[in-house]
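Dropping structure30.txt in here (compact mmCIF, N, CA and C atoms):
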# COMPACT_ATOMS: atom_id res chain seq x y z
N ALA Z 19 43.33 139.80 113.50
CA ALA Z 19 42.44 139.01 112.65
C ALA Z 19 41.70 139.92 111.70
N PRO Z 20 41.59 139.54 110.43
CA PRO Z 20 40.86 140.39 109.48
C PRO Z 20 39.38 140.40 109.81
N ASP Z 21 38.74 141.55 109.59
CA ASP Z 21 37.30 141.59 109.88
C ASP Z 21 36.52 141.11 108.67
N ALA Z 22 35.21 140.98 108.83
CA ALA Z 22 34.36 140.42 107.77
C ALA Z 22 34.43 141.23 106.49
N GLY Z 23 34.71 142.52 106.61
CA GLY Z 23 34.79 143.38 105.43
C GLY Z 23 35.95 143.02 104.51
N ASP Z 24 36.97 142.34 105.06
CA ASP Z 24 38.13 141.97 104.26
C ASP Z 24 37.94 140.65 103.52
N ARG Z 25 36.92 139.90 103.92
CA ARG Z 25 36.68 138.58 103.34
C ARG Z 25 35.87 138.75 102.06
N PRO Z 26 36.28 138.12 100.97
CA PRO Z 26 35.49 138.26 99.75
C PRO Z 26 34.11 137.63 99.91
N SER Z 27 33.13 138.27 99.30
CA SER Z 27 31.76 137.76 99.38
C SER Z 27 31.62 136.52 98.50
N PRO Z 28 30.86 135.53 98.98
CA PRO Z 28 30.60 134.36 98.14
C PRO Z 28 29.59 134.68 97.03
N LEU Z 29 28.98 135.85 97.12
CA LEU Z 29 27.92 136.22 96.18
C LEU Z 29 28.44 137.16 95.10
N THR Z 30 27.83 137.07 93.93
CA THR Z 30 28.15 138.00 92.86
C THR Z 30 27.54 139.36 93.19
N ALA Z 31 27.94 140.37 92.44
CA ALA Z 31 27.38 141.71 92.65
C ALA Z 31 25.87 141.69 92.46
N ARG Z 32 25.39 140.98 91.44
CA ARG Z 32 23.95 140.91 91.18
C ARG Z 32 23.23 140.19 92.32
N GLU Z 33 23.83 139.12 92.82
CA GLU Z 33 23.22 138.40 93.95
C GLU Z 33 23.15 139.28 95.19
N ARG Z 34 24.16 140.13 95.39
CA ARG Z 34 24.11 141.05 96.53
C ARG Z 34 22.98 142.07 96.35
N GLU Z 35 22.74 142.52 95.11
CA GLU Z 35 21.62 143.44 94.85
C GLU Z 35 20.30 142.74 95.17
N VAL Z 36 20.16 141.49 94.72
CA VAL Z 36 18.94 140.73 94.97
C VAL Z 36 18.77 140.52 96.47
N LEU Z 37 19.85 140.20 97.16
CA LEU Z 37 19.80 139.97 98.60
C LEU Z 37 19.35 141.23 99.34
N ARG Z 38 19.84 142.38 98.91
CA ARG Z 38 19.44 143.65 99.52
C ARG Z 38 17.93 143.84 99.40
N LEU Z 39 17.38 143.52 98.23
CA LEU Z 39 15.94 143.65 98.03
C LEU Z 39 15.17 142.58 98.81
N LEU Z 40 15.74 141.39 98.93
CA LEU Z 40 15.13 140.34 99.76
C LEU Z 40 14.99 140.84 101.19
N ALA Z 41 16.04 141.50 101.67
CA ALA Z 41 16.03 142.01 103.05
C ALA Z 41 14.94 143.05 103.25
N LEU Z 42 14.54 143.70 102.17
CA LEU Z 42 13.46 144.70 102.24
C LEU Z 42 12.09 144.06 102.07
N GLY Z 43 12.07 142.72 101.94
CA GLY Z 43 10.81 142.01 101.86
C GLY Z 43 10.20 141.94 100.47
N ARG Z 44 11.00 142.18 99.44
CA ARG Z 44 10.48 142.17 98.09
C ARG Z 44 10.24 140.76 97.59
N SER Z 45 9.21 140.59 96.76
CA SER Z 45 8.94 139.31 96.10
C SER Z 45 9.86 139.18 94.88
N ASN Z 46 9.91 137.99 94.31
CA ASN Z 46 10.71 137.80 93.10
C ASN Z 46 10.26 138.76 92.00
N ARG Z 47 8.96 138.91 91.86
CA ARG Z 47 8.43 139.80 90.84
C ARG Z 47 8.87 141.25 91.08
N GLN Z 48 8.79 141.69 92.33
CA GLN Z 48 9.20 143.05 92.66
C GLN Z 48 10.70 143.25 92.46
N ILE Z 49 11.48 142.23 92.82
CA ILE Z 49 12.93 142.29 92.60
C ILE Z 49 13.20 142.43 91.11
N GLY Z 50 12.51 141.62 90.31
CA GLY Z 50 12.67 141.68 88.86
C GLY Z 50 12.36 143.06 88.32
N GLU Z 51 11.26 143.64 88.78
CA GLU Z 51 10.88 144.96 88.30
C GLU Z 51 11.92 146.02 88.66
N GLU Z 52 12.45 145.95 89.87
CA GLU Z 52 13.43 146.94 90.31
C GLU Z 52 14.77 146.79 89.60
N LEU Z 53 15.12 145.55 89.25
CA LEU Z 53 16.43 145.30 88.62
C LEU Z 53 16.33 145.11 87.11
N PHE Z 54 15.13 145.29 86.57
CA PHE Z 54 14.90 145.15 85.13
C PHE Z 54 15.29 143.76 84.61
N ILE Z 55 14.87 142.75 85.40
CA ILE Z 55 15.04 141.35 85.01
C ILE Z 55 13.68 140.68 85.19
N THR Z 56 13.53 139.47 84.70
CA THR Z 56 12.25 138.77 84.88
C THR Z 56 12.15 138.22 86.31
N GLY Z 57 10.93 137.95 86.72
CA GLY Z 57 10.73 137.32 88.02
C GLY Z 57 11.40 135.97 88.08
N LYS Z 58 11.42 135.25 86.96
CA LYS Z 58 12.07 133.94 86.90
C LYS Z 58 13.58 134.09 87.13
N THR Z 59 14.18 135.10 86.50
CA THR Z 59 15.62 135.33 86.71
C THR Z 59 15.89 135.70 88.16
N ALA Z 60 15.02 136.51 88.75
CA ALA Z 60 15.15 136.86 90.16
C ALA Z 60 15.08 135.59 91.01
N SER Z 61 14.17 134.69 90.65
CA SER Z 61 14.01 133.43 91.37
C SER Z 61 15.30 132.59 91.32
N VAL Z 62 15.94 132.58 90.15
CA VAL Z 62 17.20 131.84 90.00
C VAL Z 62 18.27 132.45 90.91
N HIS Z 63 18.34 133.79 90.93
CA HIS Z 63 19.30 134.46 91.81
C HIS Z 63 19.03 134.10 93.27
N VAL Z 64 17.76 134.12 93.67
CA VAL Z 64 17.39 133.78 95.05
C VAL Z 64 17.82 132.34 95.36
N SER Z 65 17.56 131.42 94.46
CA SER Z 65 17.96 130.03 94.66
C SER Z 65 19.48 129.91 94.83
N ASN Z 66 20.22 130.64 94.01
CA ASN Z 66 21.69 130.63 94.11
C ASN Z 66 22.15 131.19 95.46
N ILE Z 67 21.50 132.25 95.91
CA ILE Z 67 21.83 132.85 97.21
C ILE Z 67 21.59 131.85 98.33
N LEU Z 68 20.43 131.19 98.30
CA LEU Z 68 20.12 130.21 99.34
C LEU Z 68 21.17 129.10 99.36
N ALA Z 69 21.54 128.62 98.19
CA ALA Z 69 22.53 127.54 98.11
C ALA Z 69 23.89 127.99 98.63
N LYS Z 70 24.34 129.16 98.21
CA LYS Z 70 25.66 129.65 98.61
C LYS Z 70 25.74 129.95 100.10
N LEU Z 71 24.63 130.40 100.69
CA LEU Z 71 24.65 130.73 102.12
C LEU Z 71 24.21 129.54 102.98
N GLY Z 72 23.76 128.46 102.36
CA GLY Z 72 23.31 127.30 103.11
C GLY Z 72 22.03 127.57 103.88
N ALA Z 73 21.18 128.40 103.29
CA ALA Z 73 19.93 128.80 103.94
C ALA Z 73 18.76 127.98 103.40
N ALA Z 74 17.78 127.72 104.27
CA ALA Z 74 16.61 126.96 103.88
C ALA Z 74 15.47 127.86 103.41
N SER Z 75 15.57 129.16 103.70
CA SER Z 75 14.50 130.07 103.34
C SER Z 75 15.06 131.45 103.04
N ARG Z 76 14.23 132.28 102.46
CA ARG Z 76 14.62 133.66 102.17
C ARG Z 76 14.96 134.39 103.47
N THR Z 77 14.13 134.18 104.49
CA THR Z 77 14.35 134.84 105.78
C THR Z 77 15.67 134.42 106.40
N GLU Z 78 15.96 133.13 106.33
CA GLU Z 78 17.22 132.64 106.89
C GLU Z 78 18.40 133.21 106.11
N ALA Z 79 18.27 133.31 104.80
CA ALA Z 79 19.35 133.88 103.98
C ALA Z 79 19.65 135.32 104.40
N VAL Z 80 18.61 136.09 104.64
CA VAL Z 80 18.80 137.48 105.07
C VAL Z 80 19.48 137.52 106.44
N ALA Z 81 19.04 136.66 107.36
CA ALA Z 81 19.64 136.62 108.69
C ALA Z 81 21.12 136.26 108.61
N ILE Z 82 21.46 135.26 107.81
CA ILE Z 82 22.86 134.85 107.63
C ILE Z 82 23.66 136.01 107.03
N ALA Z 83 23.08 136.66 106.04
CA ALA Z 83 23.78 137.77 105.38
C ALA Z 83 24.07 138.90 106.35
N TYR Z 84 23.11 139.22 107.23
CA TYR Z 84 23.36 140.25 108.25
C TYR Z 84 24.48 139.81 109.19
N ARG Z 85 24.42 138.56 109.65
CA ARG Z 85 25.45 138.05 110.58
C ARG Z 85 26.83 138.08 109.96
N GLN Z 86 26.91 137.75 108.67
CA GLN Z 86 28.21 137.70 107.98
C GLN Z 86 28.65 139.06 107.45
N GLY Z 87 27.81 140.06 107.63
CA GLY Z 87 28.17 141.40 107.17
C GLY Z 87 28.07 141.58 105.67
N LEU Z 88 27.32 140.68 104.99
CA LEU Z 88 27.17 140.80 103.54
C LEU Z 88 26.24 141.95 103.17
N ILE Z 89 25.30 142.25 104.08
CA ILE Z 89 24.42 143.40 103.91
C ILE Z 89 24.31 144.09 105.26
N THR Z 90 23.94 145.36 105.22
CA THR Z 90 23.76 146.11 106.46
C THR Z 90 22.35 146.68 106.46
N PRO Z 91 21.78 146.88 107.65
CA PRO Z 91 20.43 147.43 107.71
C PRO Z 91 20.36 148.79 107.06
N GLU Z 92 19.30 149.02 106.27
CA GLU Z 92 19.12 150.30 105.63
C GLU Z 92 18.14 151.13 106.44
N ALA Z 93 18.33 152.42 106.42
CA ALA Z 93 17.39 153.32 107.08
C ALA Z 93 16.07 153.25 106.32
N THR Z 94 14.98 153.22 107.06
CA THR Z 94 13.67 153.18 106.40
C THR Z 94 13.02 154.54 106.53
N ALA Z 95 12.30 154.92 105.51
CA ALA Z 95 11.59 156.20 105.53
C ALA Z 95 10.33 156.03 106.36
N SER Z 96 10.13 156.92 107.29
CA SER Z 96 8.90 156.87 108.06
C SER Z 96 8.06 158.09 107.73
N GLY Z 97 6.75 157.87 107.61
CA GLY Z 97 5.91 158.97 107.17
C GLY Z 97 5.11 159.45 108.25

What would the structure in this file look like if it were written as structure tokens?
Amino acid sequence: APDAGDRPSPLTAREREVLRLLALGRSNRQIGEELFITGKTASVHVSNILAKLGAASRTEAVAIAYRQGLITPEATASG
């Protein structure tokens, strides 16, 4: 059986970038600043992600994405 890595993502490359930042707890405004887009555009990407993953919230979208292997946990810097 093919693993999750072989299955094409339902998300665009930009949506995957937004999802990665969502997983880090970023707000729409912060996502916009990091990706050089407006907060409104970030909001549209988030809405599209929720719809495509069938999630009711940002948190649920991140959980689904982890389960489906769309994103992987990133190492966090500890000070």

**OP:** Find the residues around stretch 36-38 of chain Z up to 8 Å (only C-alpha atoms counted), leave out those fewer than 2 positions away in its own chain, and share them as an NGL selection string.
**Re:** :Z and (32-34 or 40-42 or 49 or 60 or 63-64 or 67 or 80 or 89)

Subject >> Which of chain Z DSSP labels helix (DSSP H, G or I), written as a VMD selection string >> reply: chain Z and resid 22 to 24 31 to 41 46 to 53 57 to 71 76 to 86

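For stretch 70-75 of chain Z, the set of protein, DNA and RNA residues having any atom at most 9 Å away, when counting only C-alpha atoms and skipping those fewer than 6 positions along the same chain, is Pro28, Leu29, Ile82 and Ala83 of chain Z.
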
Write the selection just made, keeping N, CA and C atoms, as a PDB file, keeping the file's coordinate frame?
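Produced file part-v9.pdb, reproduced below:
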ATOM      1  N   PRO Z  28      30.860 135.530  98.980  1.00  0.00           N
ATOM      2  CA  PRO Z  28      30.600 134.360  98.140  1.00  0.00           C
ATOM      3  C   PRO Z  28      29.590 134.680  97.030  1.00  0.00           C
ATOM      4  N   LEU Z  29      28.980 135.850  97.120  1.00  0.00           N
ATOM      5  CA  LEU Z  29      27.920 136.220  96.180  1.00  0.00           C
ATOM      6  C   LEU Z  29      28.440 137.160  95.100  1.00  0.00           C
ATOM      7  N   ILE Z  82      21.460 135.260 107.810  1.00  0.00           N
ATOM      8  CA  ILE Z  82      22.860 134.850 107.630  1.00  0.00           C
ATOM      9  C   ILE Z  82      23.660 136.010 107.030  1.00  0.00           C
ATOM     10  N   ALA Z  83      23.080 136.660 106.040  1.00  0.00           N
ATOM     11  CA  ALA Z  83      23.780 137.770 105.380  1.00  0.00           C
ATOM     12  C   ALA Z  83      24.070 138.900 106.350  1.00  0.00           C
TER      13      ALA Z  83
END

Subject >> d(atom N of Z:Ile55, atom N of Z:Ala31) in Å >> reply: 15.0 Å

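Minimum distance to Z:Ser45 across Z:Thr90, Z:Ser27, Z:Ser61, Z:Asn66 (counting only C-alpha atoms) occurs at Z:Ser61.
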
Original post:
atom N of Z:Leu53 to atom CA of Z:Leu39: how many Å, to one decimal?
Top reply: 9.0 Å

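The two atoms in question, atom C of Z:Gly87 and atom C of Z:Pro26, are spaced 9.2 Å apart.
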
With N, CA, C and O atoms as the goal, would you fill in the gaps in stretch 27-44 of chain Z and present it as a JSON list (two decimals), in the frame of the given file?
[["chain", "number", "residue", "atom", "x", "y", "z"],
["Z", 27, "SER", "N", 33.13, 138.27, 99.30],
["Z", 27, "SER", "CA", 31.76, 137.76, 99.38],
["Z", 27, "SER", "C", 31.62, 136.52, 98.50],
["Z", 27, "SER", "O", 32.17, 136.47, 97.40],
["Z", 28, "PRO", "N", 30.86, 135.53, 98.98],
["Z", 28, "PRO", "CA", 30.60, 134.36, 98.14],
["Z", 28, "PRO", "C", 29.59, 134.68, 97.03],
["Z", 28, "PRO", "O", 29.39, 133.88, 96.13],
["Z", 29, "LEU", "N", 28.98, 135.85, 97.12],
["Z", 29, "LEU", "CA", 27.92, 136.22, 96.18],
["Z", 29, "LEU", "C", 28.44, 137.16, 95.10],
["Z", 29, "LEU", "O", 29.34, 137.96, 95.34],
["Z", 30, "THR", "N", 27.83, 137.07, 93.93],
["Z", 30, "THR", "CA", 28.15, 138.00, 92.86],
["Z", 30, "THR", "C", 27.54, 139.36, 93.19],
["Z", 30, "THR", "O", 26.69, 139.49, 94.08],
["Z", 31, "ALA", "N", 27.94, 140.37, 92.44],
["Z", 31, "ALA", "CA", 27.38, 141.71, 92.65],
["Z", 31, "ALA", "C", 25.87, 141.69, 92.46],
["Z", 31, "ALA", "O", 25.12, 142.30, 93.24],
["Z", 32, "ARG", "N", 25.39, 140.98, 91.44],
["Z", 32, "ARG", "CA", 23.95, 140.91, 91.18],
["Z", 32, "ARG", "C", 23.23, 140.19, 92.32],
["Z", 32, "ARG", "O", 22.16, 140.61, 92.75],
["Z", 33, "GLU", "N", 23.83, 139.12, 92.82],
["Z", 33, "GLU", "CA", 23.22, 138.40, 93.95],
["Z", 33, "GLU", "C", 23.15, 139.28, 95.19],
["Z", 33, "GLU", "O", 22.18, 139.23, 95.94],
["Z", 34, "ARG", "N", 24.16, 140.13, 95.39],
["Z", 34, "ARG", "CA", 24.11, 141.05, 96.53],
["Z", 34, "ARG", "C", 22.98, 142.07, 96.35],
["Z", 34, "ARG", "O", 22.31, 142.44, 97.32],
["Z", 35, "GLU", "N", 22.74, 142.52, 95.11],
["Z", 35, "GLU", "CA", 21.62, 143.44, 94.85],
["Z", 35, "GLU", "C", 20.30, 142.74, 95.17],
["Z", 35, "GLU", "O", 19.41, 143.33, 95.80],
["Z", 36, "VAL", "N", 20.16, 141.49, 94.72],
["Z", 36, "VAL", "CA", 18.94, 140.73, 94.97],
["Z", 36, "VAL", "C", 18.77, 140.52, 96.47],
["Z", 36, "VAL", "O", 17.68, 140.68, 97.01],
["Z", 37, "LEU", "N", 19.85, 140.20, 97.16],
["Z", 37, "LEU", "CA", 19.80, 139.97, 98.60],
["Z", 37, "LEU", "C", 19.35, 141.23, 99.34],
["Z", 37, "LEU", "O", 18.54, 141.17, 100.28],
["Z", 38, "ARG", "N", 19.84, 142.38, 98.91],
["Z", 38, "ARG", "CA", 19.44, 143.65, 99.52],
["Z", 38, "ARG", "C", 17.93, 143.84, 99.40],
["Z", 38, "ARG", "O", 17.26, 144.24, 100.37],
["Z", 39, "LEU", "N", 17.38, 143.52, 98.23],
["Z", 39, "LEU", "CA", 15.94, 143.65, 98.03],
["Z", 39, "LEU", "C", 15.17, 142.58, 98.81],
["Z", 39, "LEU", "O", 14.07, 142.84, 99.31],
["Z", 40, "LEU", "N", 15.74, 141.39, 98.93],
["Z", 40, "LEU", "CA", 15.13, 140.34, 99.76],
["Z", 40, "LEU", "C", 14.99, 140.84, 101.19],
["Z", 40, "LEU", "O", 13.97, 140.62, 101.84],
["Z", 41, "ALA", "N", 16.04, 141.50, 101.67],
["Z", 41, "ALA", "CA", 16.03, 142.01, 103.05],
["Z", 41, "ALA", "C", 14.94, 143.05, 103.25],
["Z", 41, "ALA", "O", 14.46, 143.25, 104.37],
["Z", 42, "LEU", "N", 14.54, 143.70, 102.17],
["Z", 42, "LEU", "CA", 13.46, 144.70, 102.24],
["Z", 42, "LEU", "C", 12.09, 144.06, 102.07],
["Z", 42, "LEU", "O", 11.08, 144.75, 102.02],
["Z", 43, "GLY", "N", 12.07, 142.72, 101.94],
["Z", 43, "GLY", "CA", 10.81, 142.01, 101.86],
["Z", 43, "GLY", "C", 10.20, 141.94, 100.47],
["Z", 43, "GLY", "O", 9.02, 141.63, 100.33],
["Z", 44, "ARG", "N", 11.00, 142.18, 99.44],
["Z", 44, "ARG", "CA", 10.48, 142.17, 98.09],
["Z", 44, "ARG", "C", 10.24, 140.76, 97.59],
["Z", 44, "ARG", "O", 10.97, 139.83, 97.92]]
